[in-house]
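> There's a structure below that I have some questions on.
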Amino acid sequence: MHLPWTLKYKPKTLSEVIGNEKAKEKILQWIKEWSRGVPEKRALLIYGPPGVGKTVAVEALANDLNMELVQSNASDYRTAEAIQRFAGRSSQYGTLFGRKRLILFDEIDGITGSADRGGLREITKVIRRARTPIILIANDPYDPRFSTLRKFCELVEFKKPTMTQIIKLLTRICSLEGIRAERDALKVIAERAEGDVRSAINDLQALAQGKDKLTFEDVAWLGRRDRKEVIFNVLRRILYSRSLTGALRAANEADVDPDMLLEWIYENIPYHVKNPKELAAVMEMLALADVYRGRATASQDWSLMRYYIDFMTAGVSASWSKKSPGWTPFKFPSRIMTMSKSKEEREMLREIGLRIGRRCHISADKAAKDVIPFLKVIFQNNPEMKDGLARWFGLNEDMVKFLSGEK
Amino acid sequence: MWTEKYRPRSLDEMVDQEEIVNRLKSFVKARNVPHCIFAGPPGTGKTTAALCLAHDLYGPGYQEHLMELNASDERGINVVRETVKTFARTRSIGDVPFKILILDEADNMTSDAQQALRRTMERYTETARFILIANYSGRIIEPIQSRCAPFRFTYLPEEHIRKRIEYIAENEGVVLLEDGLKAIIELGGGDLRRTINILQTAASTGKPVDAETVYSVVGKANPKDVREMMITALNGDFINARNKLRELLLKYGLAGSDILGQIHSEVFRLNIPERWKVKIIEIIGETDYRLLQGSNEEIQLSALLAKFVEAGEEIRKGG
């Protein structure tokens, strides 16, 4: 049901991968050389920042050429032995039925520590003897650890796609999802992503899934906020941490605004905590956190803020069994979204309230609460009374429309 | 608006709060008014009494000698102070040497603001008299209370409300049936302003006003969302209950304490075991206290809804 959009809209062919035309061309040229025999450089090292489409490009390439992709990432090949198991044999032969193989070492930056030295050496060994194409992916190819490895590789750089390219992609996804999106809204998302396409798509899903339109107002508040992977990560660590100190540390290390963090936790909890008893306990922890925030603010004694953090992290974490209901996307705090959206409406209520208040000797709040609900019914029932009252209160056309439910 | 059209203009026209009216009349006679606190439930004539007093004191042009402020409209005590300063700087012309300042919803002011108000009251006593209007005089700080003459407004007798409603209906040519009248009085809850608003809204349908019309217009005006929200939570759907809560807070602009008040009055009507009602009341009370301390409305009320979810589950298990 909840397919991540990064998966749902993953490019199926290389030409669909956004941007990086030169890099894609270079990859194609290199792979073509294999049809004429083993090329000089038996491996390709694709590098670039996270989320720009490196892995996705390789997968699309394998799909285009109907090759079998033998894929693994760093955790699977920490030792020489593991690498032999994974790539040793498959780098020597094609598949039984003549389908060609493509071997992919993803995230080689993840190979660290002394035990892995052997790992990198082993990869180099595999490359030197390879009879099938091998692709490696790294964020930083100039890491000294890769100096030997690099000599045997053709280097291909993936750059951050431009804003325009990202906006174009987001627009396409929106139209496929049936969402009318304002260009300005998509621009904010693209801007924040800073070239990270994956994070842009994740953002879009979190903000727009299930809606039929996405406006600038829906996303405007994002601008100032913390970067989302950071928040997603912290959230996961708080909700699913196995120890209280882990949950606490997640918040402290992340340098995320605590008020914002509370909103995120508050928004997402009911989608993760399904057991009623646990839900009540977790929500009570958030309520307690909020109480301490209030106490700290009222007394101006900011040392009380530590309890605020304790309850929202350790308190939440300790109050449930952490049985995940399956892949559940994190949602943006819609409280903040709806607040900005209904701001206009509340301003209207207040304006009308003030005019009623002047006539009826009550406050705008009280008018909004006690009189406007009745006025709405009257305005819908009785045009004559409506006109008279509108004139008497001095309501403008927009206000009358609002009360009549035409707006 | 009929509430305004039929608001008494002078103390003589006020039929209720007899004792209070008599004391106010004696102020008029003496051409002197002390600082006052008018305290009591909504729709019992506090504002009307203050306006009538001013009317009788100054005559037809009374608006020039009167200023109405609302503590919840005016941002902070500074606005009050500045307004009062300009207003009270000049003396009234005529035989009454002071102006009258009505400060409505005074019990909504923080105690700091009330302290500042007290100083302002003292400073301008010669040229301005304050009438503070509040639902609860207990929320007005001691030093102000001791400087004011207290007036306690009580609920109007049902008989008086009935007469007033009948009078307005006749004057407006509304066909008011007996069961309609009863429903209006019941739903008005002793608050005359609300009662008249219900009458006018029911009359706006253009049909004879019977109980059904009354319930239907009040139902439209006051959505049963609070009850629905509670039941949604009891049925275990926290996410939708929370969405309803958000709607009440943001779309209808209800205050957290109002929602809590409605939850409180609904609890006894819920179809759940009696002992659970009491348990829930305890949690509501705690939530109420937290809101008074300045906690976040939505988060606290959501936590309360989560408790409803838990209660619902326990009840289904036969707990």
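The way I read the labels, and the way they are meant: chains A, B, ... in the order of the structure tokens, residue 1 as the first residue of every chain, and ligand 1 as the first ligand shown, with later ones counted on from there.
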Give me, as number ranges by chain, the residues of chain B touching chain A, with the criterion being at most 6 Å (counting only C-alpha atoms).
B: 70, 73, 201, 204-205, 221, 294-295, 299-300, 303, 306-307, 309-310
> Restricting it to N, CA and C atoms, dump the selection as a PDB file, in the first residue's frame.

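Below you can see out29.pdb, which holds the result:
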ATOM      1  N   ASN B  70     -12.110  45.243  25.618  1.00  0.00           N
ATOM      2  CA  ASN B  70     -12.249  43.826  25.899  1.00  0.00           C
ATOM      3  C   ASN B  70     -10.872  43.229  26.127  1.00  0.00           C
ATOM      4  N   ASP B  73      -9.541  41.104  23.445  1.00  0.00           N
ATOM      5  CA  ASP B  73      -9.279  41.708  22.139  1.00  0.00           C
ATOM      6  C   ASP B  73      -8.040  42.594  22.155  1.00  0.00           C
ATOM      7  N   THR B 201     -32.281  32.431  15.018  1.00  0.00           N
ATOM      8  CA  THR B 201     -31.824  31.471  14.013  1.00  0.00           C
ATOM      9  C   THR B 201     -32.966  30.542  13.609  1.00  0.00           C
ATOM     10  N   SER B 204     -35.313  32.310  11.391  1.00  0.00           N
ATOM     11  CA  SER B 204     -34.816  32.607  10.047  1.00  0.00           C
ATOM     12  C   SER B 204     -35.217  31.541   9.034  1.00  0.00           C
ATOM     13  N   THR B 205     -35.679  30.391   9.505  1.00  0.00           N
ATOM     14  CA  THR B 205     -36.133  29.360   8.568  1.00  0.00           C
ATOM     15  C   THR B 205     -37.458  29.759   7.919  1.00  0.00           C
ATOM     16  N   ALA B 221     -25.526  24.735  13.978  1.00  0.00           N
ATOM     17  CA  ALA B 221     -24.615  25.749  14.488  1.00  0.00           C
ATOM     18  C   ALA B 221     -23.549  25.137  15.393  1.00  0.00           C
ATOM     19  N   GLY B 294      -0.962  26.526  30.893  1.00  0.00           N
ATOM     20  CA  GLY B 294      -0.365  27.007  29.650  1.00  0.00           C
ATOM     21  C   GLY B 294       0.227  25.916  28.775  1.00  0.00           C
ATOM     22  N   SER B 295      -0.200  24.668  28.964  1.00  0.00           N
ATOM     23  CA  SER B 295       0.294  23.608  28.090  1.00  0.00           C
ATOM     24  C   SER B 295      -0.378  23.713  26.725  1.00  0.00           C
ATOM     25  N   ILE B 299      -1.784  18.948  21.924  1.00  0.00           N
ATOM     26  CA  ILE B 299      -1.033  17.798  22.428  1.00  0.00           C
ATOM     27  C   ILE B 299      -1.715  17.226  23.673  1.00  0.00           C
ATOM     28  N   GLN B 300      -2.171  18.106  24.556  1.00  0.00           N
ATOM     29  CA  GLN B 300      -2.831  17.614  25.767  1.00  0.00           C
ATOM     30  C   GLN B 300      -4.150  16.914  25.429  1.00  0.00           C
ATOM     31  N   ALA B 303      -3.546  13.540  23.934  1.00  0.00           N
ATOM     32  CA  ALA B 303      -3.187  12.548  24.947  1.00  0.00           C
ATOM     33  C   ALA B 303      -4.462  12.046  25.626  1.00  0.00           C
ATOM     34  N   ALA B 306      -6.103   9.613  23.368  1.00  0.00           N
ATOM     35  CA  ALA B 306      -5.413   8.316  23.404  1.00  0.00           C
ATOM     36  C   ALA B 306      -5.897   7.503  24.607  1.00  0.00           C
ATOM     37  N   LYS B 307      -6.185   8.213  25.707  1.00  0.00           N
ATOM     38  CA  LYS B 307      -6.739   7.532  26.886  1.00  0.00           C
ATOM     39  C   LYS B 307      -8.127   6.961  26.561  1.00  0.00           C
ATOM     40  N   VAL B 309      -9.008   5.917  23.652  1.00  0.00           N
ATOM     41  CA  VAL B 309      -8.755   4.734  22.834  1.00  0.00           C
ATOM     42  C   VAL B 309      -8.476   3.540  23.745  1.00  0.00           C
ATOM     43  N   GLU B 310      -7.634   3.801  24.758  1.00  0.00           N
ATOM     44  CA  GLU B 310      -7.298   2.737  25.699  1.00  0.00           C
ATOM     45  C   GLU B 310      -8.547   2.273  26.456  1.00  0.00           C
TER      46      GLU B 310
END
> Excluding stretch 192-195 of chain A and residues on its chain fewer than 6 positions from it, collect all residues at most 7 Å away from it, counting only C-alpha atoms, and give them as a PyMOL selection string.
chain A and resi 52+160-162+223
> Could you please write out, as an mmCIF file with C-alpha atoms, in the first residue's frame, every residue of stretch 67-204 of chain A that DSSP assigns to helix (DSSP H, G or I)?

data_model
loop_
_atom_site.group_PDB
_atom_site.id
_atom_site.type_symbol
_atom_site.label_atom_id
_atom_site.label_comp_id
_atom_site.auth_asym_id
_atom_site.auth_seq_id
_atom_site.Cartn_x
_atom_site.Cartn_y
_atom_site.Cartn_z
ATOM 1 C CA ALA A 74 29.571 -2.775 1.868
ATOM 2 C CA SER A 75 28.271 -4.725 4.809
ATOM 3 C CA ASP A 76 28.236 -7.858 2.665
ATOM 4 C CA TYR A 77 31.868 -7.766 1.693
ATOM 5 C CA ALA A 80 38.380 -11.009 1.443
ATOM 6 C CA GLU A 81 36.588 -14.291 1.961
ATOM 7 C CA ALA A 82 33.163 -12.746 1.586
ATOM 8 C CA ILE A 83 34.197 -10.962 -1.551
ATOM 9 C CA GLN A 84 35.464 -14.147 -3.092
ATOM 10 C CA ARG A 85 32.127 -15.754 -2.296
ATOM 11 C CA PHE A 86 30.188 -12.875 -3.727
ATOM 12 C CA ALA A 87 32.170 -11.948 -6.817
ATOM 13 C CA GLY A 88 34.947 -14.410 -7.341
ATOM 14 C CA ILE A 108 32.483 1.123 -1.107
ATOM 15 C CA ASP A 109 33.065 4.108 1.182
ATOM 16 C CA GLY A 110 31.476 1.876 3.791
ATOM 17 C CA GLY A 113 38.868 -0.478 9.440
ATOM 18 C CA SER A 114 41.786 -2.844 9.285
ATOM 19 C CA ALA A 115 39.788 -5.977 8.597
ATOM 20 C CA ASP A 116 38.523 -4.294 5.449
ATOM 21 C CA ARG A 117 41.945 -3.506 4.059
ATOM 22 C CA GLY A 118 41.908 -7.079 2.961
ATOM 23 C CA GLY A 119 38.520 -6.393 1.494
ATOM 24 C CA LEU A 120 39.705 -3.584 -0.745
ATOM 25 C CA ARG A 121 42.734 -5.587 -1.818
ATOM 26 C CA GLU A 122 40.467 -8.470 -2.697
ATOM 27 C CA ILE A 123 38.223 -6.242 -4.804
ATOM 28 C CA THR A 124 41.287 -5.021 -6.690
ATOM 29 C CA LYS A 125 42.260 -8.633 -7.260
ATOM 30 C CA VAL A 126 38.816 -9.494 -8.565
ATOM 31 C CA ILE A 127 38.890 -6.532 -10.949
ATOM 32 C CA ARG A 128 42.282 -7.421 -12.393
ATOM 33 C CA ARG A 129 41.077 -10.864 -13.353
ATOM 34 C CA PRO A 144 43.619 7.473 -0.069
ATOM 35 C CA ARG A 145 42.315 3.999 0.728
ATOM 36 C CA PHE A 146 41.154 3.702 -2.869
ATOM 37 C CA SER A 147 44.476 4.780 -4.444
ATOM 38 C CA THR A 148 45.434 1.310 -5.719
ATOM 39 C CA LEU A 149 41.909 0.415 -6.645
ATOM 40 C CA ARG A 150 41.510 3.617 -8.631
ATOM 41 C CA LYS A 151 44.299 2.696 -11.038
ATOM 42 C CA MET A 163 16.900 22.626 -9.835
ATOM 43 C CA THR A 164 15.052 22.724 -13.133
ATOM 44 C CA GLN A 165 15.688 19.033 -13.717
ATOM 45 C CA ILE A 166 14.480 18.122 -10.243
ATOM 46 C CA ILE A 167 11.377 20.283 -10.591
ATOM 47 C CA LYS A 168 10.624 18.596 -13.890
ATOM 48 C CA LEU A 169 10.842 15.175 -12.267
ATOM 49 C CA LEU A 170 8.650 16.217 -9.327
ATOM 50 C CA THR A 171 6.096 17.645 -11.756
ATOM 51 C CA ARG A 172 5.983 14.357 -13.625
ATOM 52 C CA ILE A 173 5.446 12.373 -10.411
ATOM 53 C CA CYS A 174 2.695 14.752 -9.317
ATOM 54 C CA SER A 175 0.828 14.405 -12.573
ATOM 55 C CA LEU A 176 1.084 10.601 -12.378
ATOM 56 C CA GLU A 177 -0.267 10.746 -8.807
ATOM 57 C CA ARG A 183 5.407 25.239 -9.345
ATOM 58 C CA ASP A 184 6.483 27.374 -6.423
ATOM 59 C CA ALA A 185 5.750 24.530 -4.040
ATOM 60 C CA LEU A 186 7.901 22.133 -6.030
ATOM 61 C CA LYS A 187 10.579 24.774 -6.216
ATOM 62 C CA VAL A 188 10.795 24.949 -2.434
ATOM 63 C CA ILE A 189 11.158 21.174 -2.238
ATOM 64 C CA ALA A 190 13.788 21.107 -4.969
ATOM 65 C CA GLU A 191 15.705 23.938 -3.375
ATOM 66 C CA ARG A 192 15.833 22.250 -0.022
ATOM 67 C CA ALA A 193 16.999 18.986 -1.517
ATOM 68 C CA VAL A 197 16.914 13.712 -5.867
ATOM 69 C CA ARG A 198 16.059 10.897 -3.482
ATOM 70 C CA SER A 199 15.433 13.288 -0.640
ATOM 71 C CA ALA A 200 13.361 15.542 -2.916
ATOM 72 C CA ILE A 201 11.108 12.607 -3.852
ATOM 73 C CA ASN A 202 10.818 11.536 -0.219
ATOM 74 C CA ASP A 203 9.848 15.065 0.727
ATOM 75 C CA LEU A 204 7.284 15.236 -2.003
#
> Can you pull out every residue from stretch 74-266 of chain A that DSSP, working from the backbone, puts in strand (DSSP E or B), and format the result as a VMD selection string?
chain A and resid 101 to 106 134 to 138 153 to 157 180 to 181 213 to 214
> Write the residues of the selection above to a file with N, CA and C atoms, as a PDB file, in the first residue's frame.

ATOM      1  N   ARG A 101      26.500 -10.991 -17.118  1.00  0.00           N
ATOM      2  CA  ARG A 101      26.452 -10.510 -15.743  1.00  0.00           C
ATOM      3  C   ARG A 101      27.051  -9.121 -15.635  1.00  0.00           C
ATOM      4  N   LEU A 102      26.550  -8.365 -14.663  1.00  0.00           N
ATOM      5  CA  LEU A 102      27.142  -7.073 -14.307  1.00  0.00           C
ATOM      6  C   LEU A 102      27.295  -7.091 -12.788  1.00  0.00           C
ATOM      7  N   ILE A 103      28.522  -6.884 -12.344  1.00  0.00           N
ATOM      8  CA  ILE A 103      28.746  -6.950 -10.892  1.00  0.00           C
ATOM      9  C   ILE A 103      28.835  -5.540 -10.319  1.00  0.00           C
ATOM     10  N   LEU A 104      28.106  -5.336  -9.241  1.00  0.00           N
ATOM     11  CA  LEU A 104      28.074  -3.997  -8.655  1.00  0.00           C
ATOM     12  C   LEU A 104      28.527  -4.033  -7.198  1.00  0.00           C
ATOM     13  N   PHE A 105      29.590  -3.283  -6.901  1.00  0.00           N
ATOM     14  CA  PHE A 105      29.992  -3.052  -5.511  1.00  0.00           C
ATOM     15  C   PHE A 105      29.482  -1.664  -5.121  1.00  0.00           C
ATOM     16  N   ASP A 106      28.415  -1.640  -4.373  1.00  0.00           N
ATOM     17  CA  ASP A 106      27.830  -0.344  -3.993  1.00  0.00           C
ATOM     18  C   ASP A 106      28.472   0.134  -2.690  1.00  0.00           C
ATOM     19  N   ILE A 134      32.520  -4.827 -14.118  1.00  0.00           N
ATOM     20  CA  ILE A 134      32.339  -4.556 -12.689  1.00  0.00           C
ATOM     21  C   ILE A 134      32.168  -3.054 -12.495  1.00  0.00           C
ATOM     22  N   ILE A 135      31.198  -2.695 -11.711  1.00  0.00           N
ATOM     23  CA  ILE A 135      31.017  -1.269 -11.404  1.00  0.00           C
ATOM     24  C   ILE A 135      31.124  -1.067  -9.904  1.00  0.00           C
ATOM     25  N   LEU A 136      31.847  -0.019  -9.513  1.00  0.00           N
ATOM     26  CA  LEU A 136      31.940   0.332  -8.096  1.00  0.00           C
ATOM     27  C   LEU A 136      31.299   1.700  -7.904  1.00  0.00           C
ATOM     28  N   ILE A 137      30.697   1.881  -6.725  1.00  0.00           N
ATOM     29  CA  ILE A 137      30.089   3.181  -6.447  1.00  0.00           C
ATOM     30  C   ILE A 137      30.651   3.735  -5.145  1.00  0.00           C
ATOM     31  N   ALA A 138      31.035   5.004  -5.204  1.00  0.00           N
ATOM     32  CA  ALA A 138      31.588   5.641  -4.004  1.00  0.00           C
ATOM     33  C   ALA A 138      31.157   7.095  -3.961  1.00  0.00           C
ATOM     34  N   CYS A 153      40.444   1.412 -12.513  1.00  0.00           N
ATOM     35  CA  CYS A 153      39.055   1.795 -12.790  1.00  0.00           C
ATOM     36  C   CYS A 153      38.972   2.990 -13.734  1.00  0.00           C
ATOM     37  N   GLU A 154      37.949   2.985 -14.521  1.00  0.00           N
ATOM     38  CA  GLU A 154      37.571   4.167 -15.292  1.00  0.00           C
ATOM     39  C   GLU A 154      36.686   5.013 -14.370  1.00  0.00           C
ATOM     40  N   LEU A 155      36.989   6.310 -14.221  1.00  0.00           N
ATOM     41  CA  LEU A 155      36.210   7.135 -13.296  1.00  0.00           C
ATOM     42  C   LEU A 155      35.075   7.873 -14.011  1.00  0.00           C
ATOM     43  N   VAL A 156      33.892   7.813 -13.432  1.00  0.00           N
ATOM     44  CA  VAL A 156      32.752   8.543 -13.990  1.00  0.00           C
ATOM     45  C   VAL A 156      32.106   9.363 -12.880  1.00  0.00           C
ATOM     46  N   GLU A 157      31.995  10.661 -13.108  1.00  0.00           N
ATOM     47  CA  GLU A 157      31.421  11.491 -12.056  1.00  0.00           C
ATOM     48  C   GLU A 157      29.930  11.731 -12.274  1.00  0.00           C
ATOM     49  N   ARG A 180      -2.371  18.204  -8.294  1.00  0.00           N
ATOM     50  CA  ARG A 180      -2.095  19.486  -8.922  1.00  0.00           C
ATOM     51  C   ARG A 180      -1.128  20.227  -8.011  1.00  0.00           C
ATOM     52  N   ALA A 181       0.083  20.441  -8.502  1.00  0.00           N
ATOM     53  CA  ALA A 181       1.088  21.063  -7.645  1.00  0.00           C
ATOM     54  C   ALA A 181       1.478  22.420  -8.200  1.00  0.00           C
ATOM     55  N   LYS A 213      -4.072  18.487  -4.175  1.00  0.00           N
ATOM     56  CA  LYS A 213      -3.231  19.597  -4.609  1.00  0.00           C
ATOM     57  C   LYS A 213      -2.191  19.983  -3.564  1.00  0.00           C
ATOM     58  N   LEU A 214      -1.135  20.572  -4.075  1.00  0.00           N
ATOM     59  CA  LEU A 214      -0.030  20.962  -3.213  1.00  0.00           C
ATOM     60  C   LEU A 214       0.263  22.434  -3.491  1.00  0.00           C
TER      61      LEU A 214
END
> Leaving out stretch 16-22 of chain B and any residue of its chain fewer than 2 positions from it, which residues lie within 12 Å of it when counting only C-alpha atoms, given as a PyMOL selection string?
chain B and resi 8+10-14+24-29+36-40+43-46+48-53+56+149-161+163-164+192
> Extract, using only C-alpha atoms, all DNA, RNA and protein residues at most 12 Å from stretch 168-184 of chain B, discarding same-chain residues fewer than 4 positions from it, and format them as a PyMOL selection string.
chain B and resi 1-7+158-159+161-164+188-218
> Keeping N, CA and C atoms for every residue in the selection just given, could you write it to a file as a compact mmCIF listing (two decimals), in the first residue's frame?

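The resulting file, again-v5.txt, is shown below:
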# COMPACT_ATOMS: atom_id res chain seq x y z
N MET B 1 -29.45 42.37 14.78
CA MET B 1 -29.40 41.22 15.69
C MET B 1 -30.39 41.45 16.83
N TRP B 2 -31.22 40.46 17.07
CA TRP B 2 -32.26 40.67 18.08
C TRP B 2 -31.70 40.86 19.48
N THR B 3 -30.53 40.28 19.73
CA THR B 3 -29.94 40.48 21.06
C THR B 3 -29.72 41.96 21.31
N GLU B 4 -29.37 42.69 20.26
CA GLU B 4 -29.12 44.12 20.42
C GLU B 4 -30.42 44.92 20.37
N LYS B 5 -31.29 44.50 19.45
CA LYS B 5 -32.55 45.22 19.27
C LYS B 5 -33.35 45.22 20.58
N TYR B 6 -33.29 44.13 21.30
CA TYR B 6 -34.10 44.00 22.52
C TYR B 6 -33.28 44.14 23.79
N ARG B 7 -32.08 44.71 23.64
CA ARG B 7 -31.30 44.95 24.85
C ARG B 7 -31.89 46.17 25.57
N GLU B 158 -36.27 31.01 34.97
CA GLU B 158 -36.78 30.50 33.71
C GLU B 158 -38.02 31.27 33.25
N GLU B 159 -38.83 31.65 34.23
CA GLU B 159 -40.05 32.38 33.93
C GLU B 159 -39.75 33.66 33.14
N ILE B 161 -37.05 34.37 31.38
CA ILE B 161 -36.53 34.07 30.04
C ILE B 161 -37.70 33.76 29.12
N ARG B 162 -38.61 32.95 29.62
CA ARG B 162 -39.78 32.56 28.83
C ARG B 162 -40.57 33.80 28.38
N LYS B 163 -40.80 34.71 29.30
CA LYS B 163 -41.56 35.92 28.97
C LYS B 163 -40.85 36.75 27.92
N ARG B 164 -39.52 36.87 28.12
CA ARG B 164 -38.73 37.68 27.20
C ARG B 164 -38.80 37.09 25.78
N GLY B 188 -30.77 27.05 25.46
CA GLY B 188 -30.15 28.32 25.81
C GLY B 188 -29.36 28.22 27.11
N GLY B 189 -29.71 27.25 27.93
CA GLY B 189 -28.94 26.99 29.16
C GLY B 189 -28.87 28.17 30.12
N GLY B 190 -29.91 29.01 30.16
CA GLY B 190 -29.93 30.11 31.13
C GLY B 190 -29.18 31.34 30.64
N ASP B 191 -28.59 31.25 29.46
CA ASP B 191 -27.84 32.36 28.89
C ASP B 191 -28.79 33.10 27.94
N LEU B 192 -29.21 34.30 28.32
CA LEU B 192 -30.25 34.98 27.54
C LEU B 192 -29.77 35.34 26.14
N ARG B 193 -28.51 35.73 26.03
CA ARG B 193 -28.01 36.07 24.69
C ARG B 193 -28.10 34.86 23.76
N ARG B 194 -27.63 33.74 24.29
CA ARG B 194 -27.67 32.52 23.50
C ARG B 194 -29.11 32.13 23.18
N THR B 195 -29.98 32.30 24.16
CA THR B 195 -31.38 31.92 23.97
C THR B 195 -32.02 32.75 22.85
N ILE B 196 -31.74 34.05 22.87
CA ILE B 196 -32.30 34.91 21.82
C ILE B 196 -31.70 34.57 20.46
N ASN B 197 -30.39 34.28 20.45
CA ASN B 197 -29.76 33.88 19.19
C ASN B 197 -30.40 32.62 18.62
N ILE B 198 -30.72 31.68 19.48
CA ILE B 198 -31.36 30.45 19.01
C ILE B 198 -32.74 30.79 18.41
N LEU B 199 -33.48 31.66 19.12
CA LEU B 199 -34.79 32.05 18.61
C LEU B 199 -34.67 32.67 17.22
N GLN B 200 -33.74 33.61 17.08
CA GLN B 200 -33.62 34.30 15.79
C GLN B 200 -33.20 33.33 14.69
N THR B 201 -32.28 32.43 15.02
CA THR B 201 -31.82 31.47 14.01
C THR B 201 -32.97 30.54 13.61
N ALA B 202 -33.73 30.08 14.60
CA ALA B 202 -34.87 29.21 14.29
C ALA B 202 -35.89 29.97 13.45
N ALA B 203 -36.11 31.25 13.79
CA ALA B 203 -37.09 32.05 13.06
C ALA B 203 -36.65 32.30 11.62
N SER B 204 -35.31 32.31 11.39
CA SER B 204 -34.82 32.61 10.05
C SER B 204 -35.22 31.54 9.03
N THR B 205 -35.68 30.39 9.51
CA THR B 205 -36.13 29.36 8.57
C THR B 205 -37.46 29.76 7.92
N GLY B 206 -38.16 30.72 8.55
CA GLY B 206 -39.43 31.18 7.99
C GLY B 206 -40.59 30.24 8.31
N LYS B 207 -40.29 29.15 9.01
CA LYS B 207 -41.35 28.20 9.37
C LYS B 207 -41.79 28.46 10.80
N PRO B 208 -42.98 27.96 11.19
CA PRO B 208 -43.35 28.03 12.60
C PRO B 208 -42.28 27.32 13.42
N VAL B 209 -41.93 27.93 14.55
CA VAL B 209 -40.82 27.38 15.32
C VAL B 209 -41.29 26.29 16.28
N ASP B 210 -40.99 25.04 15.93
CA ASP B 210 -41.28 23.95 16.86
C ASP B 210 -39.96 23.34 17.33
N ALA B 211 -40.08 22.33 18.20
CA ALA B 211 -38.87 21.76 18.79
C ALA B 211 -37.92 21.24 17.71
N GLU B 212 -38.49 20.62 16.69
CA GLU B 212 -37.64 20.03 15.66
C GLU B 212 -36.78 21.08 14.96
N THR B 213 -37.42 22.21 14.60
CA THR B 213 -36.67 23.29 13.96
C THR B 213 -35.54 23.76 14.87
N VAL B 214 -35.89 23.93 16.15
CA VAL B 214 -34.89 24.44 17.09
C VAL B 214 -33.69 23.49 17.16
N TYR B 215 -33.98 22.20 17.34
CA TYR B 215 -32.87 21.24 17.45
C TYR B 215 -32.06 21.21 16.16
N SER B 216 -32.75 21.34 15.04
CA SER B 216 -32.02 21.24 13.79
C SER B 216 -31.09 22.45 13.58
N VAL B 217 -31.55 23.66 13.88
CA VAL B 217 -30.65 24.81 13.67
C VAL B 217 -29.52 24.82 14.69
N VAL B 218 -29.82 24.43 15.92
CA VAL B 218 -28.75 24.40 16.92
C VAL B 218 -27.75 23.32 16.56
> Excluding B:Asp288 and any residue of its chain fewer than 5 positions from it, enumerate the residues within 10 Å of it, using only C-alpha atoms, and give them as JSON, numbers by chain.
{"B": [256, 257, 260, 261, 282, 283, 293, 295, 297, 300, 301]}
> Kindly save the residues from that selection, with C-alpha atoms included, as an mmCIF file, in the first residue's frame.

data_model
loop_
_atom_site.group_PDB
_atom_site.id
_atom_site.type_symbol
_atom_site.label_atom_id
_atom_site.label_comp_id
_atom_site.auth_asym_id
_atom_site.auth_seq_id
_atom_site.Cartn_x
_atom_site.Cartn_y
_atom_site.Cartn_z
ATOM 1 C CA GLY B 256 -9.137 23.879 24.133
ATOM 2 C CA SER B 257 -10.955 24.626 27.366
ATOM 3 C CA LEU B 260 -12.763 20.059 27.260
ATOM 4 C CA GLY B 261 -15.934 21.498 28.771
ATOM 5 C CA GLU B 282 -10.124 12.300 36.549
ATOM 6 C CA ILE B 283 -8.053 12.481 33.372
ATOM 7 C CA GLN B 293 -0.939 26.152 33.276
ATOM 8 C CA SER B 295 0.294 23.608 28.090
ATOM 9 C CA GLU B 297 -4.007 22.443 23.684
ATOM 10 C CA GLN B 300 -2.831 17.614 25.767
ATOM 11 C CA LEU B 301 -6.213 16.889 24.202
#
